[in-house]
file run_14.pdb (PDB, C-alpha atoms)
ATOM      1  CA  MET D   1     -79.983 -19.827 -32.319
ATOM      2  CA  GLY D   2     -76.300 -20.295 -31.517
ATOM      3  CA  LEU D   3     -73.488 -20.776 -33.953
ATOM      4  CA  ASN D   4     -72.105 -24.219 -34.651
ATOM      5  CA  LEU D   5     -68.370 -24.882 -34.541
ATOM      6  CA  ALA D   6     -67.873 -24.327 -38.270
ATOM      7  CA  ASP D   7     -69.661 -20.950 -38.096
ATOM      8  CA  LYS D   8     -67.562 -19.910 -35.096
ATOM      9  CA  LYS D   9     -64.363 -20.813 -36.931
ATOM     10  CA  ALA D  10     -65.551 -18.822 -39.942
ATOM     11  CA  VAL D  11     -66.222 -15.745 -37.774
ATOM     12  CA  VAL D  12     -62.782 -15.989 -36.121
ATOM     13  CA  ALA D  13     -61.133 -16.414 -39.544
ATOM     14  CA  GLY D  14     -63.050 -13.431 -40.957
ATOM     15  CA  VAL D  15     -62.118 -11.150 -38.080
ATOM     16  CA  SER D  16     -58.513 -12.365 -38.198
ATOM     17  CA  ALA D  17     -58.373 -11.539 -41.905
ATOM     18  CA  GLU D  18     -59.565  -7.980 -41.171
ATOM     19  CA  LEU D  19     -57.024  -7.588 -38.360
ATOM     20  CA  VAL D  20     -54.063  -8.538 -40.584
ATOM     21  CA  ASN D  21     -54.095  -5.169 -42.386
ATOM     22  CA  ALA D  22     -55.841  -3.146 -39.678
ATOM     23  CA  GLN D  23     -54.166  -0.179 -38.048
ATOM     24  CA  SER D  24     -56.839   0.505 -35.443
ATOM     25  CA  VAL D  25     -59.694  -1.183 -33.602
ATOM     26  CA  VAL D  26     -62.404   0.629 -31.630
ATOM     27  CA  LEU D  27     -64.854  -0.972 -29.195
ATOM     28  CA  ALA D  28     -68.172   0.694 -28.403
ATOM     29  CA  GLU D  29     -71.145  -0.350 -26.331
ATOM     30  CA  TYR D  30     -74.360  -0.193 -28.336
ATOM     31  CA  ARG D  31     -76.968  -1.037 -25.678
ATOM     32  CA  GLY D  32     -80.360   0.501 -26.496
ATOM     33  CA  ILE D  33     -79.665   1.764 -30.008
ATOM     34  CA  GLU D  34     -82.599   1.379 -32.358
ATOM     35  CA  VAL D  35     -82.204  -0.774 -35.460
ATOM     36  CA  GLY D  36     -82.677   2.185 -37.810
ATOM     37  CA  ASP D  37     -79.885   4.110 -36.118
ATOM     38  CA  LEU D  38     -77.600   1.084 -36.237
ATOM     39  CA  THR D  39     -78.301   0.774 -39.973
ATOM     40  CA  VAL D  40     -77.262   4.414 -40.477
ATOM     41  CA  LEU D  41     -74.065   3.765 -38.509
ATOM     42  CA  ARG D  42     -73.261   0.706 -40.606
ATOM     43  CA  ARG D  43     -73.795   2.661 -43.833
ATOM     44  CA  LYS D  44     -71.427   5.427 -42.671
ATOM     45  CA  ALA D  45     -68.847   2.821 -41.678
ATOM     46  CA  ARG D  46     -69.102   1.076 -45.045
ATOM     47  CA  GLU D  47     -68.604   4.422 -46.844
ATOM     48  CA  ALA D  48     -65.490   5.090 -44.729
ATOM     49  CA  GLY D  49     -64.056   1.609 -45.347
ATOM     50  CA  VAL D  50     -64.552   0.485 -41.748
ATOM     51  CA  TYR D  51     -65.355  -3.138 -40.873
ATOM     52  CA  LEU D  52     -68.159  -2.632 -38.326
ATOM     53  CA  HIS D  53     -69.892  -5.633 -36.759
ATOM     54  CA  VAL D  54     -71.555  -6.823 -33.597
ATOM     55  CA  LEU D  55     -69.650  -9.987 -32.699
ATOM     56  CA  LYS D  56     -69.409 -12.454 -29.842
ATOM     57  CA  ASN D  57     -66.677 -11.265 -27.509
ATOM     58  CA  THR D  58     -65.246 -14.752 -27.029
ATOM     59  CA  LEU D  59     -64.752 -15.160 -30.771
ATOM     60  CA  VAL D  60     -63.063 -11.771 -31.138
ATOM     61  CA  ARG D  61     -60.776 -12.568 -28.182
ATOM     62  CA  ARG D  62     -59.575 -15.608 -30.132
ATOM     63  CA  ALA D  63     -59.077 -13.515 -33.269
ATOM     64  CA  VAL D  64     -57.004 -10.813 -31.534
ATOM     65  CA  ALA D  65     -54.801 -13.260 -29.638
ATOM     66  CA  GLU D  66     -51.197 -12.964 -30.792
ATOM     67  CA  THR D  67     -51.865  -9.754 -32.755
ATOM     68  CA  GLN D  68     -50.989  -6.160 -31.975
ATOM     69  CA  PHE D  69     -54.535  -5.809 -30.613
ATOM     70  CA  ALA D  70     -54.201  -8.559 -27.970
ATOM     71  CA  GLU D  71     -54.400  -6.048 -25.094
ATOM     72  CA  LEU D  72     -58.012  -5.324 -26.067
ATOM     73  CA  ALA D  73     -59.101  -8.795 -24.918
ATOM     74  CA  ASN D  74     -59.572  -7.593 -21.324
ATOM     75  CA  GLN D  75     -61.900  -4.815 -22.540
ATOM     76  CA  MET D  76     -64.274  -7.176 -24.354
ATOM     77  CA  THR D  77     -67.251  -7.454 -22.025
ATOM     78  CA  GLY D  78     -70.874  -6.589 -22.578
ATOM     79  CA  PRO D  79     -72.684  -5.840 -25.834
ATOM     80  CA  LEU D  80     -69.993  -4.418 -28.104
ATOM     81  CA  ILE D  81     -69.767  -3.290 -31.673
ATOM     82  CA  TYR D  82     -66.311  -3.573 -33.219
ATOM     83  CA  GLY D  83     -64.876  -1.039 -35.668
ATOM     84  CA  ILE D  84     -61.761  -2.229 -37.506
ATOM     85  CA  SER D  85     -60.004  -0.129 -40.128
ATOM     86  CA  VAL D  86     -56.893   0.075 -42.250
ATOM     87  CA  ASP D  87     -57.008   3.874 -42.003
ATOM     88  CA  PRO D  88     -55.778   4.628 -38.464
ATOM     89  CA  VAL D  89     -58.477   7.216 -37.747
ATOM     90  CA  ALA D  90     -61.476   5.974 -39.764
ATOM     91  CA  ALA D  91     -62.996   3.635 -37.157
ATOM     92  CA  ALA D  92     -62.518   6.146 -34.351
ATOM     93  CA  LYS D  93     -63.951   8.967 -36.464
ATOM     94  CA  VAL D  94     -67.057   7.041 -37.571
ATOM     95  CA  LEU D  95     -67.914   5.817 -34.082
ATOM     96  CA  HIS D  96     -67.071   9.135 -32.388
ATOM     97  CA  ASP D  97     -69.160  11.163 -34.861
ATOM     98  CA  PHE D  98     -72.107   8.839 -34.373
ATOM     99  CA  ALA D  99     -71.727   8.894 -30.568
ATOM    100  CA  ARG D 100     -71.970  12.708 -30.588
ATOM    101  CA  THR D 101     -75.495  12.509 -32.027
ATOM    102  CA  ASN D 102     -76.615   9.305 -30.277
ATOM    103  CA  ASP D 103     -75.858   9.091 -26.557
ATOM    104  CA  LYS D 104     -76.668   5.365 -26.457
ATOM    105  CA  LEU D 105     -73.450   4.519 -28.298
ATOM    106  CA  VAL D 106     -70.634   4.677 -25.753
ATOM    107  CA  ILE D 107     -67.046   4.346 -26.913
ATOM    108  CA  ARG D 108     -65.245   2.006 -24.531
ATOM    109  CA  SER D 109     -61.681   1.697 -25.757
ATOM    110  CA  GLY D 110     -59.513   1.082 -28.753
ATOM    111  CA  SER D 111     -56.102   0.140 -29.962
ATOM    112  CA  TYR D 112     -53.709   1.817 -32.352
ATOM    113  CA  ALA D 113     -50.147   0.770 -33.174
ATOM    114  CA  GLY D 114     -50.152  -1.839 -30.422
ATOM    115  CA  LYS D 115     -51.180   0.676 -27.760
ATOM    116  CA  LEU D 116     -54.365   0.364 -25.730
ATOM    117  CA  LEU D 117     -56.454   3.553 -25.919
ATOM    118  CA  ASN D 118     -59.032   4.757 -23.412
ATOM    119  CA  LYS D 119     -62.159   6.680 -24.390
ATOM    120  CA  ALA D 120     -60.432  10.093 -24.342
ATOM    121  CA  GLU D 121     -57.559   8.807 -26.481
ATOM    122  CA  VAL D 122     -60.004   7.334 -29.023
ATOM    123  CA  GLN D 123     -61.748  10.731 -29.182
ATOM    124  CA  ALA D 124     -58.369  12.424 -29.722
ATOM    125  CA  LEU D 125     -57.592   9.939 -32.505
ATOM    126  CA  ALA D 126     -60.965  10.751 -34.090
ATOM    127  CA  SER D 127     -60.076  14.458 -34.205
ATOM    128  CA  ILE D 128     -57.090  13.822 -36.500
ATOM    129  CA  PRO D 129     -57.892  14.419 -40.177
ATOM    130  CA  GLY D 130     -58.509  11.207 -42.114
ATOM    131  CA  ARG D 131     -56.401   9.873 -44.950
ATOM    132  CA  GLU D 132     -58.512  11.516 -47.666
ATOM    133  CA  GLU D 133     -58.402  14.900 -45.921
ATOM    134  CA  LEU D 134     -54.629  14.662 -45.462
ATOM    135  CA  LEU D 135     -54.133  13.734 -49.121
ATOM    136  CA  ALA D 136     -56.235  16.744 -50.182
ATOM    137  CA  ILE D 137     -54.155  19.046 -47.954
ATOM    138  CA  LEU D 138     -50.930  17.554 -49.314
ATOM    139  CA  LEU D 139     -52.108  18.000 -52.893
ATOM    140  CA  GLY D 140     -52.940  21.648 -52.192
ATOM    141  CA  VAL D 141     -49.499  22.222 -50.675
ATOM    142  CA  MET D 142     -47.798  20.547 -53.629
ATOM    143  CA  GLN D 143     -49.800  22.539 -56.207
ATOM    144  CA  ALA D 144     -49.212  25.937 -54.593
ATOM    145  CA  PRO D 145     -45.608  26.435 -55.795
ATOM    146  CA  VAL D 146     -46.433  25.186 -59.295
ATOM    147  CA  SER D 147     -49.442  27.470 -59.697
ATOM    148  CA  GLY D 148     -47.447  30.400 -58.270
ATOM    149  CA  PHE D 149     -44.658  29.723 -60.757
ATOM    150  CA  ALA D 150     -47.177  29.502 -63.607
ATOM    151  CA  ARG D 151     -48.666  32.891 -62.624
ATOM    152  CA  ALA D 152     -45.187  34.424 -62.439
ATOM    153  CA  VAL D 153     -44.287  33.106 -65.904
ATOM    154  CA  ALA D 154     -47.582  34.395 -67.313
ATOM    155  CA  ALA D 155     -47.006  37.831 -65.768
ATOM    156  CA  LEU D 156     -43.445  37.934 -67.121
ATOM    157  CA  ALA D 157     -44.655  36.951 -70.605
ATOM    158  CA  LYS D 158     -47.318  39.677 -70.495
ATOM    159  CA  GLN D 159     -44.736  42.228 -69.307
ATOM    160  CA  ARG D 160     -42.348  41.353 -72.163
ATOM    161  CA  GLU D 161     -45.230  41.450 -74.641
ATOM    162  CA  THR D 162     -46.236  44.972 -73.574
ATOM    163  CA  ALA D 163     -42.574  46.128 -73.574
ATOM    164  CA  ALA D 164     -42.068  44.829 -77.119
ATOM    165  CA  ALA D 165     -45.167  46.591 -78.428
TER     166      ALA D 165
END
call {"tool": "encode", "arguments": {"input": "run_14.pdb", "output": "structure tokens"}}
result
Amino acid sequence: MGLNLADKKAVVAGVSAELVNAQSVVLAEYRGIEVGDLTVLRRKAREAGVYLHVLKNTLVRRAVAETQFAELANQMTGPLIYGISVDPVAAAKVLHDFARTNDKLVIRSGSYAGKLLNKAEVQALASIPGREELLAILLGVMQAPVSGFARAVAALAKQRETAAA
């Protein structure tokens, strides 16, 4: 059963709302993937904060028009699943990780910062650590001098204590 005009407008509005804050969009062909596998992919995407949906290409073309993702419109052919994320690497990472274990998911292209990405560039984007990983690394770097200073102060206090005794 097809969508009526009101449903189509709602889909375009929903995708447009996701694209407003999005930093990256990844397109992948999902032909032949079993429903159970697609459910697993959707769960992983939800956990990573990725908007992942199978949508009509014509509706998504309307949603991306006049956005930084407008160049993707020419890539929207065939059965596609769309990954849209605020985190620049999350959509690429989720789809790339799934494609490594399921050869029926084929990454087609993507867009990041207004630049059209081919399959290899999407894979390179997926190899960058995600926001959470980068924050953990940053926190470790920031804590290192403080913990080193604390150890030095403790050692100095112990040294003075033994010298006084």
call {"tool": "resolve_selection", "arguments": {"input": "run_14.pdb", "expression": "the PyMOL selection byres ((chain D and resi 117-125) around 12)", "output": "PyMOL selection string"}}
result
chain D and resi 24-29+69+71-72+75+83+87-100+106-116+126-130
call {"tool": "write_last_selection", "arguments": {"input": "run_14.pdb", "atoms": "C-alpha atoms", "output": "short mmCIF file (atom, residue, chain, number, x, y, z; two decimals), in the frame of the given file"}}
result
data_model
loop_
_atom_site.label_atom_id
_atom_site.label_comp_id
_atom_site.auth_asym_id
_atom_site.auth_seq_id
_atom_site.Cartn_x
_atom_site.Cartn_y
_atom_site.Cartn_z
CA SER D 24 -56.84 0.50 -35.44
CA VAL D 25 -59.69 -1.18 -33.60
CA VAL D 26 -62.40 0.63 -31.63
CA LEU D 27 -64.85 -0.97 -29.20
CA ALA D 28 -68.17 0.69 -28.40
CA GLU D 29 -71.14 -0.35 -26.33
CA PHE D 69 -54.54 -5.81 -30.61
CA GLU D 71 -54.40 -6.05 -25.09
CA LEU D 72 -58.01 -5.32 -26.07
CA GLN D 75 -61.90 -4.82 -22.54
CA GLY D 83 -64.88 -1.04 -35.67
CA ASP D 87 -57.01 3.87 -42.00
CA PRO D 88 -55.78 4.63 -38.46
CA VAL D 89 -58.48 7.22 -37.75
CA ALA D 90 -61.48 5.97 -39.76
CA ALA D 91 -63.00 3.64 -37.16
CA ALA D 92 -62.52 6.15 -34.35
CA LYS D 93 -63.95 8.97 -36.46
CA VAL D 94 -67.06 7.04 -37.57
CA LEU D 95 -67.91 5.82 -34.08
CA HIS D 96 -67.07 9.14 -32.39
CA ASP D 97 -69.16 11.16 -34.86
CA PHE D 98 -72.11 8.84 -34.37
CA ALA D 99 -71.73 8.89 -30.57
CA ARG D 100 -71.97 12.71 -30.59
CA VAL D 106 -70.63 4.68 -25.75
CA ILE D 107 -67.05 4.35 -26.91
CA ARG D 108 -65.24 2.01 -24.53
CA SER D 109 -61.68 1.70 -25.76
CA GLY D 110 -59.51 1.08 -28.75
CA SER D 111 -56.10 0.14 -29.96
CA TYR D 112 -53.71 1.82 -32.35
CA ALA D 113 -50.15 0.77 -33.17
CA GLY D 114 -50.15 -1.84 -30.42
CA LYS D 115 -51.18 0.68 -27.76
CA LEU D 116 -54.36 0.36 -25.73
CA ALA D 126 -60.96 10.75 -34.09
CA SER D 127 -60.08 14.46 -34.20
CA ILE D 128 -57.09 13.82 -36.50
CA PRO D 129 -57.89 14.42 -40.18
CA GLY D 130 -58.51 11.21 -42.11
#
call {"tool": "residues_around", "arguments": {"input": "run_14.pdb", "residues": "Val20 in chain D", "least_positions_apart": "5", "cutoff": "10 Å", "atoms": "all atoms listed in the file", "output": "ChimeraX atom specification"}}
result
/D:15,64,67-68,86
call {"tool": "atom_distance", "arguments": {"input": "run_14.pdb", "atom1": "CA of Leu134 in chain D", "atom2": "CA of Val146 in chain D"}}
result
19.2 Å
call {"tool": "residues_around", "arguments": {"input": "run_14.pdb", "residues": "Lys8 in chain D", "least_positions_apart": "3", "cutoff": "12 Å", "atoms": "all atoms listed in the file", "output": "list of chain:residue names"}}
result
D:Gly2, D:Leu3, D:Asn4, D:Leu5, D:Val11, D:Val12, D:Ala13, D:Gly14, D:Val15, D:Leu55, D:Lys56, D:Asn57, D:Thr58, D:Leu59, D:Val60, D:Arg62, D:Ala63
call {"tool": "closest_residue", "arguments": {"input": "run_14.pdb", "among": "D:Lys9, D:His53, D:Arg151, D:Lys104", "to": "Gly32 in chain D", "atoms": "all atoms listed in the file"}}
result
D:Lys104
call {"tool": "atom_distance", "arguments": {"input": "run_14.pdb", "atom1": "CA of Ala48 in chain D", "atom2": "CA of Ala73 in chain D"}}
result
25.0 Å
call {"tool": "atom_distance", "arguments": {"input": "run_14.pdb", "atom1": "CA of Val40 in chain D", "atom2": "CA of Ile81 in chain D"}}
result
13.9 Å
call {"tool": "resolve_selection", "arguments": {"input": "run_14.pdb", "expression": "the PyMOL selection byres ((chain D and resi 51) around 9)", "output": "short mmCIF file (atom, residue, chain, number, x, y, z; two decimals) with C-alpha atoms, in the coordinates of the input"}}
result
data_model
loop_
_atom_site.label_atom_id
_atom_site.label_comp_id
_atom_site.auth_asym_id
_atom_site.auth_seq_id
_atom_site.Cartn_x
_atom_site.Cartn_y
_atom_site.Cartn_z
CA GLU D 18 -59.56 -7.98 -41.17
CA ARG D 42 -73.26 0.71 -40.61
CA ALA D 45 -68.85 2.82 -41.68
CA ARG D 46 -69.10 1.08 -45.04
CA GLY D 49 -64.06 1.61 -45.35
CA VAL D 50 -64.55 0.48 -41.75
CA LEU D 52 -68.16 -2.63 -38.33
CA HIS D 53 -69.89 -5.63 -36.76
CA TYR D 82 -66.31 -3.57 -33.22
CA GLY D 83 -64.88 -1.04 -35.67
CA ILE D 84 -61.76 -2.23 -37.51
CA SER D 85 -60.00 -0.13 -40.13
CA ALA D 91 -63.00 3.64 -37.16
#
call {"tool": "axis_aligned_box", "arguments": {"input": "run_14.pdb", "around": "range 78-86 of chain D", "padding_each_side": "8 Å", "output": "AutoDock Vina command-line options"}}
result
--center_x -64.8 --center_y -3.3 --center_z -32.4 --size_x 31.8 --size_y 22.7 --size_z 35.7
